[in-house]
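Below is protein_12.txt, which holds compact mmCIF, C-alpha atoms.
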# COMPACT_ATOMS: atom_id res chain seq x y z
CA MET R 15 8.72 84.59 -13.03
CA ILE R 16 12.10 83.20 -13.99
CA SER R 17 13.12 80.71 -16.67
CA ILE R 18 14.90 77.52 -15.64
CA THR R 19 15.78 74.24 -17.33
CA VAL R 20 14.50 71.05 -15.63
CA ASN R 21 15.64 67.69 -16.99
CA GLY R 22 16.32 69.29 -20.36
CA ASP R 23 12.98 71.13 -20.66
CA GLN R 24 12.34 74.87 -20.28
CA LYS R 25 10.16 75.65 -17.23
CA ARG R 26 8.92 78.72 -15.38
CA ALA R 27 9.32 79.20 -11.64
CA PRO R 28 8.28 81.99 -9.22
CA GLU R 29 11.04 84.53 -8.68
CA GLY R 30 12.74 84.02 -5.30
CA ALA R 31 11.34 80.49 -4.89
CA SER R 32 13.44 77.99 -2.95
CA LEU R 33 14.27 74.60 -4.41
CA ALA R 34 12.11 72.96 -1.74
CA ALA R 35 9.14 75.17 -2.65
CA TYR R 36 9.55 74.48 -6.34
CA LEU R 37 9.66 70.71 -5.81
CA GLU R 38 6.52 70.93 -3.71
CA GLU R 39 4.82 73.04 -6.39
CA ILE R 40 5.45 70.43 -9.09
CA GLY R 41 4.41 67.57 -6.80
CA ILE R 42 7.76 65.90 -6.14
CA ASN R 43 8.65 64.49 -2.72
CA PRO R 44 12.20 65.77 -1.95
CA ALA R 45 12.94 62.61 0.08
CA LYS R 46 12.58 60.43 -3.03
CA VAL R 47 14.84 62.33 -5.44
CA ALA R 48 18.34 63.73 -5.90
CA VAL R 49 18.88 67.20 -7.42
CA GLU R 50 21.80 68.59 -9.36
CA ARG R 51 21.84 72.41 -9.87
CA ASN R 52 24.17 73.73 -12.53
CA ARG R 53 26.14 70.45 -12.33
CA GLU R 54 26.52 70.75 -8.55
CA ILE R 55 24.74 68.20 -6.33
CA VAL R 56 22.43 69.92 -3.85
CA PRO R 57 22.40 68.28 -0.38
CA LYS R 58 18.87 67.45 0.73
CA SER R 59 19.35 69.39 3.96
CA THR R 60 19.79 72.67 2.00
CA TYR R 61 16.77 72.44 -0.35
CA GLY R 62 14.96 75.09 1.69
CA ASP R 63 17.94 77.46 1.65
CA VAL R 64 18.70 77.30 -2.10
CA THR R 65 17.01 80.11 -4.06
CA LEU R 66 16.39 79.41 -7.72
CA GLU R 67 17.81 81.92 -10.17
CA ASN R 68 17.06 82.75 -13.78
CA GLY R 69 18.90 80.35 -16.11
CA ASP R 70 19.42 77.60 -13.51
CA GLN R 71 19.73 74.09 -14.90
CA LEU R 72 18.24 71.35 -12.70
CA GLU R 73 18.57 67.60 -13.02
CA ILE R 74 16.06 65.75 -10.85
CA VAL R 75 16.59 61.98 -10.74
CA HIS R 76 15.20 58.94 -8.94
CA PHE R 77 15.48 55.17 -9.08
CA ILE R 78 13.48 53.20 -11.62
CA GLY R 79 12.78 49.55 -12.18
CA GLY R 80 10.88 47.49 -14.68
CA GLY R 81 8.53 44.59 -15.09
CA ASP R 82 5.30 43.52 -13.51
CA THR R 83 5.57 43.25 -9.74
CA ASN R 84 2.11 41.72 -9.37
CA VAL R 85 3.11 38.05 -9.35
CA THR R 86 0.06 35.87 -8.83
CA GLU R 87 0.74 32.40 -7.47
CA THR R 88 -1.70 29.74 -8.60
CA LYS R 89 -1.98 26.11 -7.64
CA ASP R 90 -0.03 24.21 -10.28
CA THR R 91 -1.21 20.62 -10.25
CA TRP R 92 -1.17 17.95 -12.93
CA LYS R 93 -3.24 14.87 -13.67
CA LEU R 94 -2.00 11.36 -14.22
CA ALA R 95 -4.46 8.62 -15.09
CA GLY R 96 -7.30 10.72 -13.72
CA LYS R 97 -5.67 11.53 -10.37
CA GLU R 98 -4.36 14.96 -9.43
CA TYR R 99 -0.87 15.48 -8.03
CA SER R 100 0.98 18.53 -6.71
CA SER R 101 4.57 17.29 -6.90
CA ARG R 102 6.02 16.85 -10.39
CA LEU R 103 8.96 14.85 -9.08
CA ILE R 104 8.78 11.05 -9.07
CA VAL R 105 11.58 9.24 -7.28
CA GLY R 106 12.89 5.70 -7.27
CA THR R 107 13.47 3.69 -4.12
CA GLY R 108 16.56 1.68 -5.06
CA LYS R 109 20.29 2.08 -4.32
CA TYR R 110 19.90 3.66 -0.86
CA LYS R 111 21.92 2.27 2.04
CA ASP R 112 18.73 1.26 3.88
CA PHE R 113 14.98 1.81 3.95
CA GLU R 114 15.32 4.52 6.59
CA GLU R 115 17.42 6.65 4.25
CA THR R 116 14.96 5.90 1.45
CA ALA R 117 12.08 7.23 3.51
CA LYS R 118 13.97 10.39 4.51
CA ALA R 119 14.93 11.11 0.91
CA VAL R 120 11.39 10.61 -0.34
CA GLU R 121 10.10 12.99 2.33
CA ALA R 122 12.71 15.63 1.45
CA SER R 123 11.84 15.34 -2.24
CA GLY R 124 8.17 16.03 -1.64
CA ALA R 125 7.36 13.25 -4.12
CA GLU R 126 3.86 11.81 -4.10
CA ILE R 127 4.75 8.89 -6.40
CA VAL R 128 7.61 6.43 -5.93
CA THR R 129 8.72 3.66 -8.25
CA VAL R 130 9.13 0.21 -6.77
CA ALA R 131 10.75 -2.87 -8.25
CA VAL R 132 9.18 -6.30 -7.95
CA ARG R 133 11.53 -8.94 -6.54
CA ARG R 134 11.22 -12.36 -4.91
CA VAL R 135 10.67 -12.53 -1.17
CA ASN R 136 13.60 -13.94 0.79
CA VAL R 137 11.75 -17.00 2.04
CA SER R 138 14.69 -18.02 4.23
CA ASP R 139 14.23 -14.80 6.24
CA PRO R 140 10.64 -13.60 5.72
CA ASN R 141 10.85 -11.20 8.67
CA GLN R 142 13.31 -8.87 6.96
CA PRO R 143 12.04 -5.26 6.80
CA MET R 144 10.10 -4.30 3.68
CA LEU R 145 9.61 -0.98 1.91
CA VAL R 146 5.95 -0.80 2.97
CA ASP R 147 7.15 -0.64 6.58
CA TYR R 148 8.78 2.73 5.82
CA LEU R 149 6.66 4.21 3.03
CA ASP R 150 2.93 3.81 3.57
CA PRO R 151 1.28 2.95 0.23
CA LYS R 152 -1.93 4.52 1.56
CA LYS R 153 -0.18 7.89 1.77
CA ILE R 154 2.06 7.73 -1.28
CA THR R 155 1.39 6.25 -4.70
CA TYR R 156 3.43 3.15 -5.43
CA LEU R 157 4.40 2.82 -9.09
CA PRO R 158 5.51 -0.77 -9.80
CA ASN R 159 8.06 -0.94 -12.60
CA THR R 160 9.66 -3.62 -14.71
CA ALA R 161 13.31 -2.73 -14.05
CA GLY R 162 15.52 -5.58 -15.18
CA CYS R 163 13.11 -6.96 -17.78
CA PHE R 164 14.54 -7.56 -21.26
CA ASP R 165 11.49 -8.95 -23.03
CA ALA R 166 7.76 -8.26 -23.18
CA ASP R 167 6.70 -11.53 -21.52
CA SER R 168 8.73 -10.98 -18.35
CA ALA R 169 7.55 -7.35 -18.11
CA VAL R 170 3.88 -8.33 -18.39
CA ARG R 171 4.31 -11.18 -15.91
CA THR R 172 6.06 -8.88 -13.41
CA LEU R 173 3.31 -6.26 -13.49
CA ARG R 174 0.54 -8.83 -13.17
CA LEU R 175 2.26 -10.06 -10.00
CA ALA R 176 2.59 -6.47 -8.78
CA ARG R 177 -1.13 -5.87 -9.24
CA GLU R 178 -1.90 -9.03 -7.33
CA ALA R 179 0.45 -7.98 -4.50
CA GLY R 180 -0.82 -4.45 -4.04
CA GLY R 181 -3.82 -3.93 -6.27
CA TRP R 182 -2.04 -1.29 -8.37
CA ASP R 183 -3.05 -0.79 -11.98
CA LEU R 184 -0.92 2.34 -12.55
CA VAL R 185 2.44 0.93 -13.61
CA LYS R 186 5.71 1.91 -15.24
CA LEU R 187 6.73 -0.24 -18.17
CA GLU R 188 10.34 -0.49 -19.26
CA VAL R 189 11.70 -3.22 -21.49
CA LEU R 190 15.45 -2.94 -21.86
CA GLY R 191 17.54 -3.72 -24.91
CA ASP R 192 20.85 -4.75 -23.36
CA GLN R 193 22.71 -4.71 -20.07
CA LYS R 194 25.37 -2.21 -21.19
CA THR R 195 23.19 0.70 -22.33
CA LEU R 196 19.84 -0.16 -20.67
CA TYR R 197 18.34 1.57 -23.70
CA PRO R 198 14.68 0.69 -24.33
CA ASN R 199 13.87 -2.13 -26.73
CA MET R 200 10.98 -0.42 -28.49
CA LEU R 201 9.68 -3.47 -30.36
CA GLU R 202 9.29 -5.41 -27.11
CA THR R 203 7.95 -2.26 -25.41
CA PHE R 204 5.14 -1.97 -27.99
CA THR R 205 4.22 -5.61 -27.50
CA ALA R 206 4.18 -5.35 -23.70
CA ALA R 207 2.26 -2.06 -23.69
CA GLU R 208 -0.44 -3.49 -25.93
CA ALA R 209 -0.86 -6.56 -23.70
CA LEU R 210 -0.94 -4.55 -20.47
CA ILE R 211 -3.46 -2.01 -21.75
CA LYS R 212 -5.69 -4.83 -22.95
CA ASP R 213 -5.39 -6.29 -19.44
CA GLY R 214 -6.66 -3.07 -17.82
CA PHE R 215 -3.38 -1.51 -16.73
CA LYS R 216 -2.71 2.23 -16.85
CA VAL R 217 0.71 2.24 -18.46
CA MET R 218 3.41 4.87 -18.05
CA VAL R 219 6.09 3.88 -20.52
CA TYR R 220 9.87 4.37 -20.63
CA CYS R 221 10.85 4.93 -24.24
CA SER R 222 13.47 6.29 -26.61
CA ASP R 223 13.50 10.00 -27.38
CA ASP R 224 11.66 9.37 -30.64
CA PRO R 225 8.50 11.40 -31.39
CA ILE R 226 7.18 8.75 -33.78
CA ALA R 227 7.51 5.95 -31.21
CA ALA R 228 6.01 8.21 -28.54
CA LYS R 229 2.98 8.95 -30.73
CA ARG R 230 2.41 5.26 -31.33
CA LEU R 231 2.51 4.54 -27.58
CA GLU R 232 0.05 7.35 -26.88
CA ASP R 233 -2.29 6.14 -29.62
CA MET R 234 -2.19 2.67 -28.04
CA GLY R 235 -3.54 4.16 -24.82
CA CYS R 236 -0.48 4.71 -22.60
CA VAL R 237 -1.27 7.30 -19.89
CA ALA R 238 2.21 8.90 -19.85
CA ILE R 239 5.24 8.98 -22.13
CA MET R 240 8.65 8.84 -20.45
CA PRO R 241 11.59 9.42 -22.79
CA LEU R 242 15.08 8.95 -21.44
CA GLY R 243 17.15 12.09 -20.98
CA ALA R 244 20.32 9.98 -21.09
CA PRO R 245 21.11 6.32 -20.31
CA ILE R 246 19.78 5.05 -16.98
CA GLY R 247 22.11 5.85 -14.08
CA SER R 248 24.54 7.84 -16.26
CA GLY R 249 23.88 11.29 -14.78
CA LEU R 250 24.69 12.87 -18.16
CA GLY R 251 21.69 15.18 -18.18
CA ILE R 252 19.34 15.96 -21.06
CA GLN R 253 21.16 14.91 -24.23
CA ASN R 254 18.46 15.55 -26.81
CA PRO R 255 16.27 18.50 -25.81
CA VAL R 256 15.05 19.07 -29.38
CA GLN R 257 13.46 15.63 -29.66
CA ILE R 258 11.94 15.82 -26.20
CA ARG R 259 10.41 19.22 -26.97
CA LEU R 260 8.84 17.74 -30.13
CA MET R 261 7.37 14.93 -28.05
CA ILE R 262 5.92 17.44 -25.60
CA GLU R 263 4.38 19.55 -28.36
CA GLN R 264 2.53 16.63 -29.93
CA ALA R 265 1.47 14.77 -26.77
CA LYS R 266 -1.98 14.91 -25.19
CA VAL R 267 -0.80 12.87 -22.18
CA PRO R 268 1.89 13.81 -19.63
CA VAL R 269 5.51 13.64 -20.79
CA LEU R 270 8.14 13.03 -18.12
CA VAL R 271 11.90 12.75 -18.50
CA ASP R 272 12.93 9.36 -17.15
CA ALA R 273 16.61 8.52 -16.65
CA GLY R 274 19.84 10.44 -17.05
CA VAL R 275 19.34 13.27 -14.59
CA GLY R 276 22.54 13.86 -12.60
CA THR R 277 22.00 17.04 -10.63
CA ALA R 278 19.47 19.76 -9.94
CA SER R 279 20.21 21.80 -13.06
CA ASP R 280 19.35 18.76 -15.22
CA ALA R 281 15.94 18.53 -13.58
CA ALA R 282 15.38 22.25 -14.11
CA VAL R 283 16.27 21.91 -17.81
CA ALA R 284 13.74 19.11 -18.22
CA MET R 285 11.01 21.22 -16.64
CA GLU R 286 11.95 24.33 -18.64
CA LEU R 287 11.42 22.28 -21.81
CA GLY R 288 7.80 21.88 -20.71
CA CYS R 289 7.89 18.37 -19.27
CA ASP R 290 5.07 17.52 -16.90
CA GLY R 291 7.51 15.93 -14.49
CA VAL R 292 10.82 14.18 -13.93
CA LEU R 293 11.58 10.70 -12.66
CA MET R 294 14.93 9.94 -11.05
CA ASN R 295 16.63 7.54 -8.67
CA THR R 296 20.42 7.36 -9.01
CA ALA R 297 20.91 11.13 -8.98
CA ILE R 298 19.55 11.20 -5.43
CA ALA R 299 20.52 7.80 -4.06
CA GLU R 300 24.18 8.02 -5.16
CA ALA R 301 24.71 11.64 -4.09
CA LYS R 302 27.12 12.12 -1.19
CA LYS R 303 24.17 13.43 0.83
CA PRO R 304 21.05 11.82 -0.63
CA VAL R 305 18.52 13.58 1.59
CA LEU R 306 19.98 17.00 0.81
CA MET R 307 20.05 16.19 -2.91
CA ALA R 308 16.42 15.09 -2.74
CA HIS R 309 15.54 18.51 -1.37
CA ALA R 310 17.61 20.18 -4.11
CA MET R 311 15.74 18.20 -6.77
CA LYS R 312 12.41 19.28 -5.30
CA LEU R 313 13.42 22.94 -5.61
CA ALA R 314 14.85 22.42 -9.11
CA VAL R 315 11.66 20.87 -10.44
CA GLU R 316 9.58 23.66 -8.92
CA SER R 317 11.94 26.34 -10.25
CA GLY R 318 12.10 24.84 -13.74
CA ARG R 319 8.32 24.58 -13.89
CA ALA R 320 7.92 28.22 -12.79
CA ALA R 321 10.44 29.34 -15.42
CA TYR R 322 8.54 27.43 -18.11
CA LEU R 323 5.25 29.01 -17.10
CA ALA R 324 6.86 32.46 -16.94
CA GLY R 325 8.23 32.15 -20.48
CA ARG R 326 11.92 32.80 -20.99
CA MET R 327 13.18 35.92 -22.71
CA PRO R 328 14.01 35.56 -26.41
CA LYS R 329 17.62 34.89 -27.28
CA LYS R 330 19.29 37.80 -29.08
CA ARG R 331 22.48 38.21 -31.08
CA TYR R 332 23.39 41.56 -29.56
CA ALA R 333 23.23 43.37 -26.23
CA ASP R 334 19.99 44.99 -25.13
CA PRO R 335 20.21 47.40 -22.14
CA SER R 336 17.96 46.53 -19.23
CA SER R 337 17.60 50.15 -18.08
CA PRO R 338 15.53 52.45 -20.34
CA LEU R 339 17.38 55.16 -22.25
CA SER R 340 14.59 57.70 -21.77
CA GLY R 341 15.28 60.07 -18.89
CA LEU R 342 19.04 59.56 -19.16
CA ILE R 343 21.02 62.38 -17.54
So, in terms of structure tokens, how does the structure I just supplied come out?
Amino acid sequence: MISITVNGDQKRAPEGASLAAYLEEIGINPAKVAVERNREIVPKSTYGDVTLENGDQLEIVHFIGGGDTNVTETKDTWKLAGKEYSSRLIVGTGKYKDFEETAKAVEASGAEIVTVAVRRVNVSDPNQPMLVDYLDPKKITYLPNTAGCFDADSAVRTLRLAREAGGWDLVKLEVLGDQKTLYPNMLETFTAAEALIKDGFKVMVYCSDDPIAAKRLEDMGCVAIMPLGAPIGSGLGIQNPVQIRLMIEQAKVPVLVDAGVGTASDAAVAMELGCDGVLMNTAIAEAKKPVLMAHAMKLAVESGRAAYLAGRMPKKRYADPSSPLSGLI
């Protein structure tokens, strides 16, 4: 027997053994490794011709990776007012050039819920096309909203008309404070929410990014809390992630970012915070290619949700090598 060094450890090998024979003896497939003998790389084609000698120093290396490769995909659904949905993206139906583009964008987004505004019928031309001609309310959930309402009375009146028109009791309440900021008027929002809930509505409510206000709305009986990420139509992205995370942590009903999303990364950020969903309109409708942006938003919401479920790595002050130091040549 001869004495050799293998990866820094003293080993014994039969005298006259070839490198190929030695690898076979210790259970290593030559095709999966590289070998250095006395600091000289040994070509794979010569393993059978190289005879090991006393005192040889071998380095045998291979590729390594890390992490769990057994990724199990599970159906990730969520419930809103007792109904189960697969898509966590809710899209608006305003600002598109026509209803045809609206329908294409909704399809590309994968959304199962769309918000719809309530407006007067043009009685001088009652045969004009309507949204229901392009988006079948039997196949997609219509969510009537109170866009444009600046007081509780008009919001309640609008949603009562919406229920009469389509029979919908799941609604989105927003009562705005002023035309410039479109920030929610929370006092009027509380009043309207209370009246609507008493009237049998299932209320999803647009609100400020205030955990105290959100808790009060939930305690009233609202079925979803929808804090703004930034002012409506601004595209500024999530401005106050700390407050929204607090709202998520305390809530027992779905929390969805409503307003302020500008691009796909904003939607992903909202989902990575732990939001149950995202509602948007302008970010898609005012994109240069709305249908393509709708598809991007679909992917962003799915990606952000997956990242949240996966759990991000902890932030660190200093570098941490991704390859293990053990086995280093």
TODO: Report the distance between atom CA of R:Gly318 and atom CA of R:Ala161 in Å, rounded to one decimal place.
DONE: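 Value for the atom CA of R:Gly318-atom CA of R:Ala161 distance: 27.6 Å.
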Using all atoms listed in the file, determine which residues lie at most 9 Å from R:Gly22, disregarding the query and same-chain residues fewer than 3 positions distant; provide the list as a PDB file with C-alpha atoms, keeping the file's coordinate frame.
ATOM      1  CA  THR R  19      15.780  74.240 -17.330  1.00  0.00           C
ATOM      2  CA  GLN R  71      19.730  74.090 -14.900  1.00  0.00           C
ATOM      3  CA  LEU R  72      18.240  71.350 -12.700  1.00  0.00           C
ATOM      4  CA  GLU R  73      18.570  67.600 -13.020  1.00  0.00           C
ATOM      5  CA  ILE R 343      21.020  62.380 -17.540  1.00  0.00           C
TER       6      ILE R 343
END
Task: Residue nearest R:Asp112 among R:Pro304, R:Val271, R:Ile18, R:Leu242 (counting all atoms listed in the file) - done: R:Pro304
TODO: Using only C-alpha atoms, find the one residue out of R:Leu149, R:Gln193, R:Gly325, R:Glu115 that sits nearest to R:Gly162.
DONE: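 Looking only at the distances to R:Gly162, the closest residue turns out to be R:Gln193.
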TODO: Please indicate the distance in Å from atom CA of R:Thr65 to atom CA of R:Gly41, rounded to one decimal place.
DONE: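 Taking atom CA of R:Thr65 and atom CA of R:Gly41, their separation equals 18.0 Å.
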Task: Contacts of R:Trp182 at 8 Å (all atoms listed in the file; same-chain gap of 4+ positions) as a list of chain:residue names - done: R:Tyr156, R:Leu157, R:Pro158, R:Ala176, R:Arg177, R:Glu178
Task: Two-atom distance - atom CA of R:Asp183, atom CA of R:Asp90 (Å) - done: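 It comes out at 25.2 Å.
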Task: Neighbour list for R:Met200 as a list in words, cut-off 9 Å, all atoms listed in the file, skip fewer than 4 positions in-chain - done: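 Listing them by chain and then by number gives Val189, Leu190, Gly191, Phe204, Thr205, Cys221, Ser222 and Ala227 of chain R.
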Around the point (9.8, -0.9, -18.0), in the coordinates given by the file, pick out the residues reaching within 8 Å, counting all atoms listed in the file, and return them as a CSV table (one decimal) with C-alpha atoms, in the coordinates of the input.
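Writing done, so here's point.csv:
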chain,number,residue,atom,x,y,z
R,159,ASN,CA,8.1,-0.9,-12.6
R,160,THR,CA,9.7,-3.6,-14.7
R,161,ALA,CA,13.3,-2.7,-14.0
R,162,GLY,CA,15.5,-5.6,-15.2
R,163,CYS,CA,13.1,-7.0,-17.8
R,169,ALA,CA,7.6,-7.4,-18.1
R,186,LYS,CA,5.7,1.9,-15.2
R,187,LEU,CA,6.7,-0.2,-18.2
R,188,GLU,CA,10.3,-0.5,-19.3
R,189,VAL,CA,11.7,-3.2,-21.5
R,190,LEU,CA,15.4,-2.9,-21.9
R,203,THR,CA,8.0,-2.3,-25.4
R,219,VAL,CA,6.1,3.9,-20.5
R,220,TYR,CA,9.9,4.4,-20.6
- [ ] Give as a ChimeraX atom specification every residue, naming chains and numbers as the document does, that has an atom within 9 Å of (4.3, 7.7, -14.5), counting only C-alpha atoms.
- [x] /R:94-95,104,127,129,157,184-186,217-220,237-240,268-270,291,293
Task: Of the listed residues R:Lys312, R:Arg259, R:Arg319, R:Lys89, that which approaches R:Thr277 most closely, counting only C-alpha atoms - done: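 Smallest distance to R:Thr277 is found for R:Lys312.
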Open item on the list: Could you check the closest approach to R:Lys302 for each of R:Met15, R:Asp165, R:Thr91, R:Lys111 and tell me which residue wins, using all atoms listed in the file?
Closed with: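 Smallest distance to R:Lys302 is found for R:Lys111.
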Regenerate stretch 36-46 of chain R at the level of all heavy atoms and dump it as a PDB file, in the frame of the given file.
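Result written to part00.pdb:
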ATOM      1  N   TYR R  36       9.801  74.843  -4.952  1.00  0.00           N
ATOM      2  CA  TYR R  36       9.550  74.480  -6.340  1.00  0.00           C
ATOM      3  C   TYR R  36       9.209  72.995  -6.460  1.00  0.00           C
ATOM      4  O   TYR R  36       8.278  72.614  -7.190  1.00  0.00           O
ATOM      5  CB  TYR R  36      10.759  74.821  -7.214  1.00  0.00           C
ATOM      6  CG  TYR R  36      10.559  74.444  -8.656  1.00  0.00           C
ATOM      7  CD1 TYR R  36       9.659  75.142  -9.455  1.00  0.00           C
ATOM      8  CD2 TYR R  36      11.243  73.360  -9.218  1.00  0.00           C
ATOM      9  CE1 TYR R  36       9.452  74.777 -10.781  1.00  0.00           C
ATOM     10  CE2 TYR R  36      11.048  72.984 -10.534  1.00  0.00           C
ATOM     11  CZ  TYR R  36      10.146  73.696 -11.323  1.00  0.00           C
ATOM     12  OH  TYR R  36       9.922  73.339 -12.619  1.00  0.00           O
ATOM     13  N   LEU R  37       9.950  72.147  -5.767  1.00  0.00           N
ATOM     14  CA  LEU R  37       9.660  70.710  -5.810  1.00  0.00           C
ATOM     15  C   LEU R  37       8.246  70.423  -5.306  1.00  0.00           C
ATOM     16  O   LEU R  37       7.512  69.600  -5.870  1.00  0.00           O
ATOM     17  CB  LEU R  37      10.684  69.931  -4.980  1.00  0.00           C
ATOM     18  CG  LEU R  37      12.115  69.893  -5.524  1.00  0.00           C
ATOM     19  CD1 LEU R  37      13.050  69.221  -4.531  1.00  0.00           C
ATOM     20  CD2 LEU R  37      12.177  69.180  -6.873  1.00  0.00           C
ATOM     21  N   GLU R  38       7.871  71.113  -4.254  1.00  0.00           N
ATOM     22  CA  GLU R  38       6.520  70.930  -3.710  1.00  0.00           C
ATOM     23  C   GLU R  38       5.479  71.375  -4.724  1.00  0.00           C
ATOM     24  O   GLU R  38       4.445  70.731  -4.906  1.00  0.00           O
ATOM     25  CB  GLU R  38       6.369  71.734  -2.410  1.00  0.00           C
ATOM     26  CG  GLU R  38       5.009  71.547  -1.747  1.00  0.00           C
ATOM     27  CD  GLU R  38       4.885  72.310  -0.440  1.00  0.00           C
ATOM     28  OE1 GLU R  38       5.884  72.890   0.019  1.00  0.00           O
ATOM     29  OE2 GLU R  38       3.770  72.336   0.115  1.00  0.00           O
ATOM     30  N   GLU R  39       5.769  72.489  -5.420  1.00  0.00           N
ATOM     31  CA  GLU R  39       4.820  73.040  -6.390  1.00  0.00           C
ATOM     32  C   GLU R  39       4.579  72.063  -7.545  1.00  0.00           C
ATOM     33  O   GLU R  39       3.453  71.935  -8.037  1.00  0.00           O
ATOM     34  CB  GLU R  39       5.357  74.364  -6.950  1.00  0.00           C
ATOM     35  CG  GLU R  39       4.436  75.009  -7.988  1.00  0.00           C
ATOM     36  CD  GLU R  39       5.041  76.277  -8.575  1.00  0.00           C
ATOM     37  OE1 GLU R  39       5.839  76.928  -7.900  1.00  0.00           O
ATOM     38  OE2 GLU R  39       4.715  76.585  -9.740  1.00  0.00           O
ATOM     39  N   ILE R  40       5.622  71.364  -7.970  1.00  0.00           N
ATOM     40  CA  ILE R  40       5.450  70.430  -9.090  1.00  0.00           C
ATOM     41  C   ILE R  40       5.130  69.007  -8.633  1.00  0.00           C
ATOM     42  O   ILE R  40       5.079  68.078  -9.431  1.00  0.00           O
ATOM     43  CB  ILE R  40       6.694  70.429 -10.012  1.00  0.00           C
ATOM     44  CG1 ILE R  40       7.949  69.965  -9.252  1.00  0.00           C
ATOM     45  CG2 ILE R  40       6.911  71.826 -10.610  1.00  0.00           C
ATOM     46  CD1 ILE R  40       9.187  69.844 -10.142  1.00  0.00           C
ATOM     47  N   GLY R  41       4.904  68.841  -7.325  1.00  0.00           N
ATOM     48  CA  GLY R  41       4.410  67.570  -6.800  1.00  0.00           C
ATOM     49  C   GLY R  41       5.454  66.492  -6.615  1.00  0.00           C
ATOM     50  O   GLY R  41       5.145  65.303  -6.698  1.00  0.00           O
ATOM     51  N   ILE R  42       6.688  66.886  -6.335  1.00  0.00           N
ATOM     52  CA  ILE R  42       7.760  65.900  -6.140  1.00  0.00           C
ATOM     53  C   ILE R  42       8.157  65.872  -4.673  1.00  0.00           C
ATOM     54  O   ILE R  42       8.401  66.919  -4.062  1.00  0.00           O
ATOM     55  CB  ILE R  42       8.978  66.237  -7.021  1.00  0.00           C
ATOM     56  CG1 ILE R  42       8.632  66.032  -8.505  1.00  0.00           C
ATOM     57  CG2 ILE R  42      10.174  65.370  -6.638  1.00  0.00           C
ATOM     58  CD1 ILE R  42       9.755  66.366  -9.448  1.00  0.00           C
ATOM     59  N   ASN R  43       8.219  64.661  -4.104  1.00  0.00           N
ATOM     60  CA  ASN R  43       8.650  64.490  -2.720  1.00  0.00           C
ATOM     61  C   ASN R  43      10.172  64.578  -2.667  1.00  0.00           C
ATOM     62  O   ASN R  43      10.864  63.713  -3.219  1.00  0.00           O
ATOM     63  CB  ASN R  43       8.176  63.121  -2.205  1.00  0.00           C
ATOM     64  CG  ASN R  43       8.518  62.890  -0.743  1.00  0.00           C
ATOM     65  OD1 ASN R  43       9.337  63.600  -0.164  1.00  0.00           O
ATOM     66  ND2 ASN R  43       7.881  61.889  -0.152  1.00  0.00           N
ATOM     67  N   PRO R  44      10.734  65.595  -1.987  1.00  0.00           N
ATOM     68  CA  PRO R  44      12.200  65.770  -1.950  1.00  0.00           C
ATOM     69  C   PRO R  44      12.941  64.549  -1.402  1.00  0.00           C
ATOM     70  O   PRO R  44      14.097  64.312  -1.753  1.00  0.00           O
ATOM     71  CB  PRO R  44      12.386  66.983  -1.029  1.00  0.00           C
ATOM     72  CG  PRO R  44      11.087  67.717  -1.090  1.00  0.00           C
ATOM     73  CD  PRO R  44      10.045  66.664  -1.242  1.00  0.00           C
ATOM     74  N   ALA R  45      12.283  63.775  -0.536  1.00  0.00           N
ATOM     75  CA  ALA R  45      12.940  62.610   0.080  1.00  0.00           C
ATOM     76  C   ALA R  45      13.191  61.501  -0.930  1.00  0.00           C
ATOM     77  O   ALA R  45      14.012  60.619  -0.687  1.00  0.00           O
ATOM     78  CB  ALA R  45      12.087  62.091   1.235  1.00  0.00           C
ATOM     79  N   LYS R  46      12.505  61.521  -2.077  1.00  0.00           N
ATOM     80  CA  LYS R  46      12.580  60.430  -3.030  1.00  0.00           C
ATOM     81  C   LYS R  46      13.432  60.745  -4.257  1.00  0.00           C
ATOM     82  O   LYS R  46      13.496  59.933  -5.189  1.00  0.00           O
ATOM     83  CB  LYS R  46      11.173  60.022  -3.478  1.00  0.00           C
ATOM     84  CG  LYS R  46      10.316  59.478  -2.346  1.00  0.00           C
ATOM     85  CD  LYS R  46       8.951  59.065  -2.857  1.00  0.00           C
ATOM     86  CE  LYS R  46       8.098  58.485  -1.723  1.00  0.00           C
ATOM     87  NZ  LYS R  46       6.758  58.080  -2.193  1.00  0.00           N
TER      88      LYS R  46
END
